[in-house]
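What follows is a single structure, written as structure tokens, with notes after it.
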Amino acid sequence: MINFRKLLSASVLLATLLLSSAATVSTAAAPANTKILRYASQDDPQTLDPHSANLTPTNRVISQVYESLVARDKDFKIIPGLALWWSNPDAKTWRFKLRPNVKFHDGSPFTADDVVFSLERTLHPLSQLKSSVQGVASARKIDDLTVDFVMKEPNPVLLNHLYQFRIMSKIWASKNNALTPQNYKSNEDTFASRNTNGTGPFSVKLRQPDVKTVLVANADWWNNASKEKGNVTQVEMLPIKSNATRMAALLSGEIDFVLDPPQQDVARLKADPNIRIAEGHEARIQYFAFDQFRDELLYSSVKGKNPLRDLRVRQAMGYAIDVNAIRQVVMRGLSTPTGSIVPPGTQGYSKEADKRLPFDREKAKALLTEAGYPTGFSITLDCGANQPPADICQAVAAMLTQIGIRTTPNIVPLANYFSKLQKFDTSFYLLSWGATTFDSFYTLQALLNTNSGEQSSNGDSNYGRYSNPKMDELIGKIKSEFDMKKRDGWIGEALLLNQRDIATLPLHQPVIPWAMRKNIEANFAPNNIAYFFRFKKN
């Protein structure tokens, strides 16, 4: 077996020893019945503010601490959460009866005031979570345990959206000057970005950015009697960027669970009798997108015009990508090529819209010549260092260069990547998008609607600023249509329009492996979030 520790630099090894030391101290002080889960991934949450940044590494922590009116069971079906039940008194109103005797981690009671406050905070211009309350105009307290959501427009799948609506204590936020979300784009530091106070199964005991986050089980959690409940009482979350270090720690038993083992190590891990692998398709698509807004690209050799506005150029890029080679060589078989921006299983998914342009290098070169670029041009491809894997960028850059589009990968640390995109500081980028609502509207609105600024969810992740009035019209119809047959038809039209326009260029749906010690029991979740309250450590 390879000795991974010999591969470590002195600085990485020192950091690992420090983390191990910190873990040892916390373990020694723990009661005998404490079940500590040591978790590692390459990413650290960028913020703890529940309404600031809609980013997967952040959601992985926030989801343990903050809850919503609805929840999902282990099969990912919508079930009651902080709301016991709901009804529609009229077409523009959703009424929620709240669960009694629920307390926040600081001991204060959960009431309708917190729901009203959290809605107002979610709708704030600085929030990136507006889509979680899609269609809601305001909240109205009826009594301490009853609240109405007043709709500005109907939303047939509101409950799917509300799964990401997070409830924060109004009293706590007022006390700590956290009434508005953190300005994530400007790297604002706030009390709520460093501290938490939710109602969920875990609270944050320690937060050391880029070093360690410790969660402890909430002994007063309202759902402690759940049949899905595991036995983990403390979680030590360690961001370990080095693949070699994470794997060495897992194999030695210093780490119990790794969310993101490198693809190249999965086969070896499956053969190890001390390791268990749980895997499944993530409800996520990795895709490319283009600046189709500027008259001249920021990062290209073409001056005076934007070659990415030409459909033939975008088609050429599609023909140039050998997605099967990426699946076999880069992803080690852990992906399914796709032509759709939404994965199968998502409401409205269309097989017809799930067709890729075939790999055809000569066709790609011919299209470039037809578009007026017989000798090609140069461009920069922006990629996050960890998500999706940067190796994809290297491979695709080489494929595009072979047809004349000389592509330079720009690998950006994840902490800076999203703020770069949110400033539209890009010409061509690789990103992944999770269908967290399991409904196509969420993806269509965020990625393909015309970007209308911070006051709306429309196009709020459309960093290439693609705009098509027909797409906007279809998304507008989908938004409030309760006839699911009609709605699915319009979704299919929108997905086909994305395919024809190459507004985005979907690549594949990843297969995600979770690696853990044999004594850990965990069920894979299709949003790639490990819900620690379900974990068991034997």
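Ordering of the structure tokens sets the chain letters (A, B, ...), residue numbers begin anew at 1 in every chain, and ligands are numbered from 1 in the order given.
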Exercise. Show which residues sit within 10 Å of Glu352 in chain A, as a list in words. Count only C-alpha atoms, and ignore same-chain residues fewer than 4 positions away.
Key: Gly339, Ser340, Gly492, Glu493, Leu495, Leu496 and Gln499 of chain A
Practice problem: Using DSSP on the backbone, list every residue of range 250-349 of chain A that comes out as strand (DSSP E), and give them as a count of residues only. | Solution: 19
Quiz item: Separation of CA of Gly372 in chain A and CA of Arg356 in chain A, in Å?
Solution: 24.2 Å
Return as a Markdown table the residues of range 481-510 of chain A lying at most 12 Å from range 342-345 of chain A, together with the closest atom-to-atom pair for each and the distance in Å to one decimal, counting only C-alpha atoms, with rows in chain order and ascending residue number.
```
| residue | atom | partner | partner_atom | distance |
| --- | --- | --- | --- | --- |
| A:Ile491 | CA | A:Val342 | CA | 10.5 |
| A:Gly492 | CA | A:Val342 | CA | 10.7 |
| A:Ala494 | CA | A:Val342 | CA | 11.2 |
| A:Leu495 | CA | A:Val342 | CA | 8.4 |
| A:Leu496 | CA | A:Val342 | CA | 11.5 |
| A:Asn498 | CA | A:Val342 | CA | 10.9 |
| A:Gln499 | CA | A:Val342 | CA | 11.6 |
| A:Thr504 | CA | A:Val342 | CA | 11.3 |
| A:Leu505 | CA | A:Val342 | CA | 11.7 |
| A:Pro506 | CA | A:Val342 | CA | 8.9 |
| A:Leu507 | CA | A:Val342 | CA | 11.1 |
| A:His508 | CA | A:Pro343 | CA | 9.1 |
| A:Gln509 | CA | A:Pro343 | CA | 6.9 |
| A:Pro510 | CA | A:Pro343 | CA | 10.1 |
```
Quiz item: Can you list, as a list in words, every protein, DNA or RNA residue that comes within 8 Å of Leu179 in chain A when you count only C-alpha atoms, leaving out same-chain residues fewer than 2 positions away?
Solution: Arg121, Lys170, Ala173, Ser174, Asn177 and Pro181 of chain A
Practice problem: Fewer than 2 positions away in the same chain doesn't count, so skip those; otherwise give me all residues within 9 Å of range 95-97 of chain A, counting only C-alpha atoms, as a list in words. | Solution: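 Neighbouring residues, sequence-local ones excluded: Leu69, Leu82, Ala83, Leu84, Trp85, Trp86, Ser87, Asn88, Pro89, Thr93, Arg99, Leu145, Thr146, Val147, Asp148, Phe149 and Val150 of chain A.
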Would you export the selected residues with C-alpha atoms as an mmCIF file, in the first residue's frame, please?
```cif
data_model
loop_
_atom_site.group_PDB
_atom_site.id
_atom_site.type_symbol
_atom_site.label_atom_id
_atom_site.label_comp_id
_atom_site.auth_asym_id
_atom_site.auth_seq_id
_atom_site.Cartn_x
_atom_site.Cartn_y
_atom_site.Cartn_z
ATOM 1 C CA LEU A 69 -41.246 24.571 8.231
ATOM 2 C CA LEU A 82 -41.276 23.115 12.335
ATOM 3 C CA ALA A 83 -44.819 23.226 10.960
ATOM 4 C CA LEU A 84 -47.193 20.452 12.041
ATOM 5 C CA TRP A 85 -49.530 20.992 9.106
ATOM 6 C CA TRP A 86 -50.454 23.517 6.418
ATOM 7 C CA SER A 87 -53.481 24.537 4.397
ATOM 8 C CA ASN A 88 -54.608 27.000 1.731
ATOM 9 C CA PRO A 89 -57.428 29.207 3.061
ATOM 10 C CA THR A 93 -52.540 32.217 1.232
ATOM 11 C CA ARG A 99 -44.953 22.933 16.304
ATOM 12 C CA LEU A 145 -48.212 29.228 16.662
ATOM 13 C CA THR A 146 -49.959 30.190 13.437
ATOM 14 C CA VAL A 147 -48.547 32.144 10.530
ATOM 15 C CA ASP A 148 -49.841 32.950 7.052
ATOM 16 C CA PHE A 149 -47.696 33.344 3.965
ATOM 17 C CA VAL A 150 -49.297 35.839 1.607
#
```
Taking 3 positions as the minimum chain separation for residues in the same chain, which residues sit within 12 Å of Phe104 in chain A when counting only C-alpha atoms? Answer as a JSON list (two decimals) with C-alpha atoms, in the first residue's frame.
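Everything below was put into out_25.json:
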```json
[["chain", "number", "residue", "atom", "x", "y", "z"],
["A", 65, "VAL", "CA", -28.29, 23.73, 12.75],
["A", 66, "TYR", "CA", -31.21, 25.60, 11.18],
["A", 67, "GLU", "CA", -34.56, 24.06, 10.30],
["A", 82, "LEU", "CA", -41.28, 23.11, 12.33],
["A", 101, "ASN", "CA", -42.62, 23.63, 22.69],
["A", 107, "GLY", "CA", -33.29, 28.18, 25.15],
["A", 108, "SER", "CA", -35.64, 30.85, 23.75],
["A", 109, "PRO", "CA", -39.01, 29.65, 22.41],
["A", 110, "PHE", "CA", -39.74, 29.30, 18.70],
["A", 111, "THR", "CA", -42.83, 31.28, 17.67],
["A", 114, "ASP", "CA", -39.37, 34.06, 14.23],
["A", 167, "ILE", "CA", -35.70, 29.85, 10.66],
["A", 168, "MET", "CA", -33.57, 32.18, 12.80],
["A", 169, "SER", "CA", -34.42, 33.61, 16.23],
["A", 170, "LYS", "CA", -35.62, 37.20, 15.98],
["A", 171, "ILE", "CA", -34.60, 37.94, 19.58],
["A", 172, "TRP", "CA", -31.09, 36.56, 19.06],
["A", 196, "THR", "CA", -25.46, 30.25, 15.05],
["A", 197, "ASN", "CA", -28.71, 29.81, 16.92],
["A", 198, "GLY", "CA", -31.13, 27.40, 15.31],
["A", 199, "THR", "CA", -33.60, 24.75, 16.42],
["A", 200, "GLY", "CA", -31.90, 21.83, 14.66],
["A", 201, "PRO", "CA", -30.33, 18.57, 15.84],
["A", 202, "PHE", "CA", -26.87, 20.12, 16.28],
["A", 203, "SER", "CA", -25.46, 23.42, 17.50],
["A", 218, "ASN", "CA", -29.00, 19.26, 20.76],
["A", 219, "ALA", "CA", -30.27, 17.37, 23.81],
["A", 220, "ASP", "CA", -33.54, 19.34, 23.67],
["A", 221, "TRP", "CA", -34.23, 18.81, 19.98],
["A", 222, "TRP", "CA", -37.95, 18.35, 19.41]]
```
Quiz item: Using the chain letters and numbers from this document, which residues of range 25-212 of chain A does DSSP assign to alpha helix (DSSP H), as a PyMOL selection string?
Solution: chain A and resi 25-28+56-65+112-122+158-162+170-175+191-194
Exercise. Work out how far apart CA of Glu188 in chain A and CA of Asn54 in chain A are and give it in Å to one decimal.
Key: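 For CA of Glu188 in chain A relative to CA of Asn54 in chain A, the distance reads 15.5 Å.
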Exercise. Using only C-alpha atoms, find the one residue out of A:Asn59, A:Gln315, A:Ser300, A:Ser252 that sits nearest to Ala364 in chain A.
Key: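 Nearest to Ala364 in chain A: A:Gln315.
The residue that comes closest to Lys363 in chain A, out of A:Ala283, A:Leu447, A:Leu250, A:Met317 and on the basis of only C-alpha atoms, is A:Met317.
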I'd like a table as JSON lines: residues in range 127-244 of chain A with an atom no more than 10 Å from range 460-469 of chain A, each row giving the shortest atom pair and its distance in Å to one decimal, only C-alpha atoms counted, sorted by chain and rising residue number.
```
{"residue": "A:Gln128", "atom": "CA", "partner": "A:Asp460", "partner_atom": "CA", "distance": 7.8}
{"residue": "A:Leu129", "atom": "CA", "partner": "A:Asp460", "partner_atom": "CA", "distance": 9.8}
{"residue": "A:Lys130", "atom": "CA", "partner": "A:Asp460", "partner_atom": "CA", "distance": 9.4}
{"residue": "A:Ser131", "atom": "CA", "partner": "A:Asp460", "partner_atom": "CA", "distance": 9.3}
```
Quick one: residues within 7 Å of Phe533 in chain A, only C-alpha atoms, excluding same-chain residues fewer than 5 positions away - as a JSON list (two decimals) with all heavy atoms, in the first residue's frame?
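And here's around.json as it stands now:
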```json
[["chain", "number", "residue", "atom", "x", "y", "z"],
["A", 201, "PRO", "N", -30.89, 19.66, 15.03],
["A", 201, "PRO", "CA", -30.33, 18.57, 15.84],
["A", 201, "PRO", "C", -28.94, 18.83, 16.37],
["A", 201, "PRO", "O", -28.51, 18.16, 17.31],
["A", 201, "PRO", "CB", -30.33, 17.39, 14.87],
["A", 201, "PRO", "CG", -30.34, 17.99, 13.50],
["A", 201, "PRO", "CD", -31.12, 19.26, 13.63],
["A", 229, "LYS", "N", -33.29, 8.61, 13.93],
["A", 229, "LYS", "CA", -32.21, 9.18, 14.73],
["A", 229, "LYS", "C", -31.08, 8.17, 14.94],
["A", 229, "LYS", "O", -31.32, 7.02, 15.28],
["A", 229, "LYS", "CB", -32.77, 9.61, 16.09],
["A", 229, "LYS", "CG", -31.77, 10.31, 16.99],
["A", 229, "LYS", "CD", -31.83, 11.81, 16.83],
["A", 229, "LYS", "CE", -31.16, 12.56, 17.96],
["A", 229, "LYS", "NZ", -29.90, 12.04, 18.44],
["A", 230, "GLY", "N", -29.86, 8.64, 14.75],
["A", 230, "GLY", "CA", -28.68, 7.83, 15.02],
["A", 230, "GLY", "C", -28.18, 8.06, 16.43],
["A", 230, "GLY", "O", -28.94, 8.44, 17.32],
["A", 232, "VAL", "N", -24.85, 9.68, 17.03],
["A", 232, "VAL", "CA", -23.70, 10.58, 17.05],
["A", 232, "VAL", "C", -24.03, 11.79, 17.92],
["A", 232, "VAL", "O", -25.06, 12.44, 17.74],
["A", 232, "VAL", "CB", -23.31, 11.02, 15.63],
["A", 232, "VAL", "CG1", -22.29, 12.15, 15.66],
["A", 232, "VAL", "CG2", -22.77, 9.83, 14.84]]
```
Practice problem: Fewer than 5 positions away in the same chain doesn't count, so skip those; otherwise give me all residues within 10 Å of Arg207 in chain A, counting only C-alpha atoms, as a PyMOL selection string. | Solution: chain A and resi 48+194-196+212-215+237
